[in-house]
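Inspection log for the structure reproduced underneath, given as C-alpha cells.
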Protein chains: 6
Amino acid sequence: LSTDEVHPETAARMVDISGKGVTLREAVAACKVVMSTETRDAIDRKDLKKGDALEIARVAGIMAAKKTSDLIPLCHPIPLTAVDVEPKVVEEGIEVVVTARTSAQTGVEMEALTAAATAALTIYDMVKGIERGVAITDLRLLKKSGGKSGDWSR
Amino acid sequence: LSTDEVHPETAARMVDISGKGVTLREAVAACKVVMSTETRDAIDRKDLKKGDALEIARVAGIMAAKKTSDLIPLCHPIPLTAVDVEPKVVEEGIEVVVTARTSAQTGVEMEALTAAATAALTIYDMVKGIERGVAITDLRLLKKSGGKSGDWSR
Amino acid sequence: LSTDEVHPETAARMVDISGKGVTLREAVAACKVVMSTETRDAIDRKDLKKGDALEIARVAGIMAAKKTSDLIPLCHPIPLTAVDVEPKVVEEGIEVVVTARTSAQTGVEMEALTAAATAALTIYDMVKGIERGVAITDLRLLKKSGGKSGDWSR
Amino acid sequence: LSTDEVHPETAARMVDISGKGVTLREAVAACKVVMSTETRDAIDRKDLKKGDALEIARVAGIMAAKKTSDLIPLCHPIPLTAVDVEPKVVEEGIEVVVTARTSAQTGVEMEALTAAATAALTIYDMVKGIERGVAITDLRLLKKSGGKSGDWSR
Amino acid sequence: LSTDEVHPETAARMVDISGKGVTLREAVAACKVVMSTETRDAIDRKDLKKGDALEIARVAGIMAAKKTSDLIPLCHPIPLTAVDVEPKVVEEGIEVVVTARTSAQTGVEMEALTAAATAALTIYDMVKGIERGVAITDLRLLKKSGGKSGDWSR
Amino acid sequence: LSTDEVHPETAARMVDISGKGVTLREAVAACKVVMSTETRDAIDRKDLKKGDALEIARVAGIMAAKKTSDLIPLCHPIPLTAVDVEPKVVEEGIEVVVTARTSAQTGVEMEALTAAATAALTIYDMVKGIERGVAITDLRLLKKSGGKSGDWSR
C-alpha cells in the first residue's frame, strides 16, 4: 500500500492562506496578438463580420478574470474590486494590457493573466475567418504590488 | 434615434451554423511556457511545493476545453469527443500541445487553443512562487481538419 | 412514511425528451427597458461612465443564452446554433429583440427569453448610477417554430 | 492607429471599488408574471406536470443571485449573506419579491434583480406547456440601503 | 529531459469517443442519507427551518446532473434528455434514486451518480443544523443500458 | 389565493448570516470508495488507461470545493483559504479525507463534504471501465471548528 502516507511530495496542494492579512493588491499583465497588417487594420476599422473585436475582447477579459479560480486548479477565489482590459493597436497586431485589483489574502496576478489570455483568444476568434495563422505571444506579468512578498516589476 | 437600424455593421453577432452539416473535426494547438533552466528542471523533477505541474496542467487544460463557449463570447457550445493535453519539457521550458475532436456543426480550434492557454497558465501558477518572470509564447493553431473550409496546417 | 410513493404529484420533474426527433427550431423573444428620455439619450450617444450599454448588453445576452440550462432548473441543455441580440432605441427607452436557433430535441424559447432578460439587466446595470428607477417590462415570446407543437406567434 | 489611446470614452470598464468601505447593504426587487386566471390557479393548486412552480422558482432565484457577477459583465463578485425569494399569487398572476443582503464594498441590487428575473423565467418555463403567451413585467428595484449613495425607495 | 515522451503511461487522458455511435442510454444510481428517526421525521413532516428538504434536493440533483462534465475531469459533455431524482423516506433516513437518459456517444452513469450525490449533500445541508452526524452511504450504480458495453445491473 | 402569505412554513430559505462575525473556520470530511482488491491495486500501481486516479481525484476535489455554493442551493458563497484532499489506499479500496478552511461568516463543512464526494466520484470514473460495481460509502463530517456553534468532532 505505497500511497498510504499523507501528503506525498508531488501531490497537488493549495497554499494555505488562512493566516495571511487582507491587503490591497494590484497586478498588471499583458500579451500580444500577432497578425498581418491587413487583419490588424480590419480590426481597427471595425470591419469584421462578427463585430468589434476589441470591445468584445474587453468584455470577455473582464468576465474571464472573475472565473480565474474556476479555471486554475490551485487558485483561491478572491473578491475582485477592479479589472481593466486595454487592447490597443500596435505594429505587430494588438497588444492587450490588463490591470486587476483586490483586497484579499492573496494576489491577483493569475486574474490579470487569465483576463489577458481570454481577451487575446477572443480577438483570435473574431478574425480566424480571415486569417488562420494568428498567434498569441508574450503573455506575462508586468508588475505587481501589495502582500507580503512585496512589489515586483519586470 | 441613431441606433434604430437592425444589425449595425459593428455589432457582436454569432455566426449562424444552423445550416451546416455535422462532421468529424479535429484541431491541434500549441504554446510554450518560457522559464529558467532551474525552474524547468524543478518541474521535471516534480520538486515543487504545490504538486506535479505537468499533471495538474493536463487536467486543467482538459477541463478548460469544456468551458470554451462559456469564455469566448461568440463560440458555439459543442460536444467534445476527445481532448488530449501534452505538456513536455523542452529547451526553453515547457511546450504544451493540445488535440481536440468533435462531431459538430463547427470546428474545435478555439477549444484546443483555450485548453493550451489554460494548461500554460496553470504551469505559470505552479512556479510563480519560485520565478516571477515566466512568459507564455507562441500560442497558435498547428492544424485543423474537417468542415467545409477544409484542412489547414501551419 | 408519507412520502414513500415514487413521483408525488407535485414533485419537480424534467420532461423526458428522449423520444423526440431532432429538428431545426427557432424562437424570438423581446422586452423593453423603460427609462427617462435623458438616460435613453445618454445610452444612444454612448455617453456613460461604464461603456457602450447596447454593445455590452448584446455580448451579455449571447453569453447568457448559453447558460440557460444552468439557470432554469428543468431546462435541457441544447446546442445553440445561433443567437442574435438586437437592442434598439425606442420612445420609452430600449427594446431588446432576441432570436435563437438550434437543431435539437426541444425548443429554444427559454434561451431567447433568458438572453433578452440578461441583456436588459445589463442595460439596467450600465445606467443605474444615473437613474435608479429604470424598469424592465414586457419580457415575452414573440414567435417560435419547429418541433411537434408547431409554429406559434403572438 | 486610431485606437492607440488608453481608455477610449466608450470602452467597457468596471467601476473601481477598491477604495470603498465594507458596509451592510440590502436591496429589494420585484416583478410580475402575467398569465390567465386558469394558469395562475393551476400554479396555486400545484396542478402542473413539471412540479410546484413557486417552490422551484424560489430555488432557481436563490441560485441565480449567486451567479449574478457571472451573468452581468461589469458586476463585482460579492459574498451574499442572505437571499429571500417570495413568489405570491396575485390578481394578474404571480408576483415575485426578492430581498438580498451582503457585507461588501458595493451594493446588491443587481443580485436582487437577477434573482427576481430568474424566478420569473422559471415560472414561465413551468407553465409554457399550458399557456404560451405569459409575460414578465415590472422588473424593478423597490428599495436599497447601505453604502455611500445612501438609502433609496421607489 | 525525462518527460519528453508523448503520453506517459500515468497521464490523465479522456477516452476518445469520436468513433462511437449515438445511441439511447440510461443509467440508474442511488444512495442513502442515514440519520436519526427524529431528523428523518422532521424531513417527512416538512418541519425544517430552511424548507422542504426533499423538494430542494430534487431540484439540486437535476441541476447537478447538468454540471457533471464540469465536475468530473475526464467526463464528456452530453445532452441529457431526462433526469429524474426520487428521494424517499426509508427506515434509516432518506434514499435517493436517480434515473438519467441521453442520446449520445457515451453513457450517463456519472450524471446519475453526480445527481444522487448532490441531492444527498443537499439533504445533509438542510438538516445539519439539527443533526451534525448524518452520513451518506451506498452511492452506487444500480443499472445501465445502451452503448457497446451492453446492459448491466447490480 | 392560498399562497398569498409571505414565507410559508415549508418554503426554501437561505439562513441570514448578515449579523454573524467573520471567524477562522475549519472542517474535515471523509468517505470511502469500496472496490475489489484488483481494482484498488491497479489504482495504487497507477496502472489505469485514463491516468493516475488519486492525483486527478485530488485536483477534482479541490476544484469542486470552490463550486459548492453553485451546487448546494442554500449554501452561501465563501472565500476558501485552503482545501486539502488526501486520497489513500486502504483495505476496502480508497479513503478520501478533505480539510477545508475559510475566514467567513459561516462554516466550511459543505465545502469539505462536496470535495470528498467529487474526489470519490472521480475515482469511480477512473475505474468504471474495469469494475462496474464500485460504491462510495461513509461520506461524513469528521470534525469542525470555529463559529458560534463551537467545535464538534465525531
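Within each chain, counting starts at residue 1; across the C-alpha cells, chains are named A, B, ... in the order shown, with ligands numbered 1 upward in that order.
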Which of chain A DSSP labels alpha helix (DSSP H), written as a count of residues only: 44
Interface, chain F side, toward chain B (9 Å; only C-alpha atoms) as a PyMOL selection string: chain F and resi 55-56+59-60
All residues 12 Å or closer to Thr106 (chain A), only C-alpha atoms, same chain fewer than 6 positions away omitted, as JSON, numbers by chain: {"A": [14, 15, 16, 17, 18, 19, 20, 21, 22, 23, 24, 25, 26, 27, 75, 76, 77, 78, 79, 80, 144, 145, 146, 147, 148, 149, 150], "F": [79, 80, 81, 82]}
Same residues, C-alpha atoms, output as a PDB file, in the first residue's frame:
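The result, written out as part_34.pdb:
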ATOM      1  CA  MET A  14      -3.436  24.631  -2.441  1.00  0.00           C
ATOM      2  CA  VAL A  15      -1.255  27.067  -0.497  1.00  0.00           C
ATOM      3  CA  ASP A  16      -2.948  27.721   2.876  1.00  0.00           C
ATOM      4  CA  ILE A  17      -3.523  31.489   3.072  1.00  0.00           C
ATOM      5  CA  SER A  18      -5.635  31.332   6.248  1.00  0.00           C
ATOM      6  CA  GLY A  19      -3.025  33.199   8.262  1.00  0.00           C
ATOM      7  CA  LYS A  20      -2.305  35.970   5.729  1.00  0.00           C
ATOM      8  CA  GLY A  21      -3.603  39.509   6.149  1.00  0.00           C
ATOM      9  CA  VAL A  22      -6.104  41.220   3.854  1.00  0.00           C
ATOM     10  CA  THR A  23      -4.237  43.898   1.880  1.00  0.00           C
ATOM     11  CA  LEU A  24      -4.878  45.905  -1.281  1.00  0.00           C
ATOM     12  CA  ARG A  25      -3.179  44.128  -4.168  1.00  0.00           C
ATOM     13  CA  GLU A  26      -2.707  45.002  -7.835  1.00  0.00           C
ATOM     14  CA  ALA A  27      -1.268  43.158 -10.830  1.00  0.00           C
ATOM     15  CA  CYS A  75      -6.122  29.406  -7.293  1.00  0.00           C
ATOM     16  CA  HIS A  76      -8.084  30.822  -4.352  1.00  0.00           C
ATOM     17  CA  PRO A  77     -11.368  32.627  -5.038  1.00  0.00           C
ATOM     18  CA  ILE A  78     -10.894  36.377  -4.420  1.00  0.00           C
ATOM     19  CA  PRO A  79     -13.287  39.359  -4.486  1.00  0.00           C
ATOM     20  CA  LEU A  80     -12.048  41.430  -7.447  1.00  0.00           C
ATOM     21  CA  LYS A 144       2.504  43.511  -9.022  1.00  0.00           C
ATOM     22  CA  SER A 145       2.144  45.248  -5.676  1.00  0.00           C
ATOM     23  CA  GLY A 146       0.713  44.512  -2.231  1.00  0.00           C
ATOM     24  CA  GLY A 147       1.092  41.459   0.002  1.00  0.00           C
ATOM     25  CA  LYS A 148       3.998  40.061   1.998  1.00  0.00           C
ATOM     26  CA  SER A 149       6.236  39.258  -0.992  1.00  0.00           C
ATOM     27  CA  GLY A 150       6.305  42.970  -1.845  1.00  0.00           C
TER      28      GLY A 150
ATOM     29  CA  PRO F  79     -13.720  32.678   0.250  1.00  0.00           C
ATOM     30  CA  LEU F  80     -11.880  29.355   0.781  1.00  0.00           C
ATOM     31  CA  THR F  81      -8.357  29.867   2.131  1.00  0.00           C
ATOM     32  CA  ALA F  82      -7.240  26.219   1.970  1.00  0.00           C
TER      33      ALA F  82
END
Nearby residues (only C-alpha atoms) at most 9 Å from Ala64 (chain E), same-chain spacing under 5 positions excluded, as number ranges by chain: E: 59, 111, 114-119; F: 71-72
Hey, could you make a per-residue contact list for region 69-151 of chain D against region 120-137 of chain C with 7 Å as the cut-off, showing the nearest pair of atoms and its distance in Å to one decimal, counting only C-alpha atoms, sorted by chain and number, as JSON lines?
{"residue": "D:Ile72", "atom": "CA", "partner": "C:Thr122", "partner_atom": "CA", "distance": 5.6}
{"residue": "D:Ile136", "atom": "CA", "partner": "C:Thr137", "partner_atom": "CA", "distance": 6.5}
{"residue": "D:Thr137", "atom": "CA", "partner": "C:Thr137", "partner_atom": "CA", "distance": 4.1}
{"residue": "D:Asp138", "atom": "CA", "partner": "C:Thr137", "partner_atom": "CA", "distance": 5.1}
{"residue": "D:Leu139", "atom": "CA", "partner": "C:Ile136", "partner_atom": "CA", "distance": 4.9}
{"residue": "D:Arg140", "atom": "CA", "partner": "C:Ala135", "partner_atom": "CA", "distance": 4.8}
{"residue": "D:Leu141", "atom": "CA", "partner": "C:Gly133", "partner_atom": "CA", "distance": 6.9}
Spatial neighbours of Lys46 (chain D), max dist 10 Å, only C-alpha atoms, sep filter under 4 positions, as a ChimeraX atom specification: /C:9-11 /D:40-42,50-55
Shell around Lys143 (chain E) at 8 Å using only C-alpha atoms, local window under 6 positions removed, as JSON, numbers by chain: {"E": [27, 28, 29, 151, 152, 153, 154]}
Secondary structure check, strand (DSSP E or B) residues of chain C, as a PyMOL selection string: chain C and resi 23-34+80-90+93-104+135-145+152-153
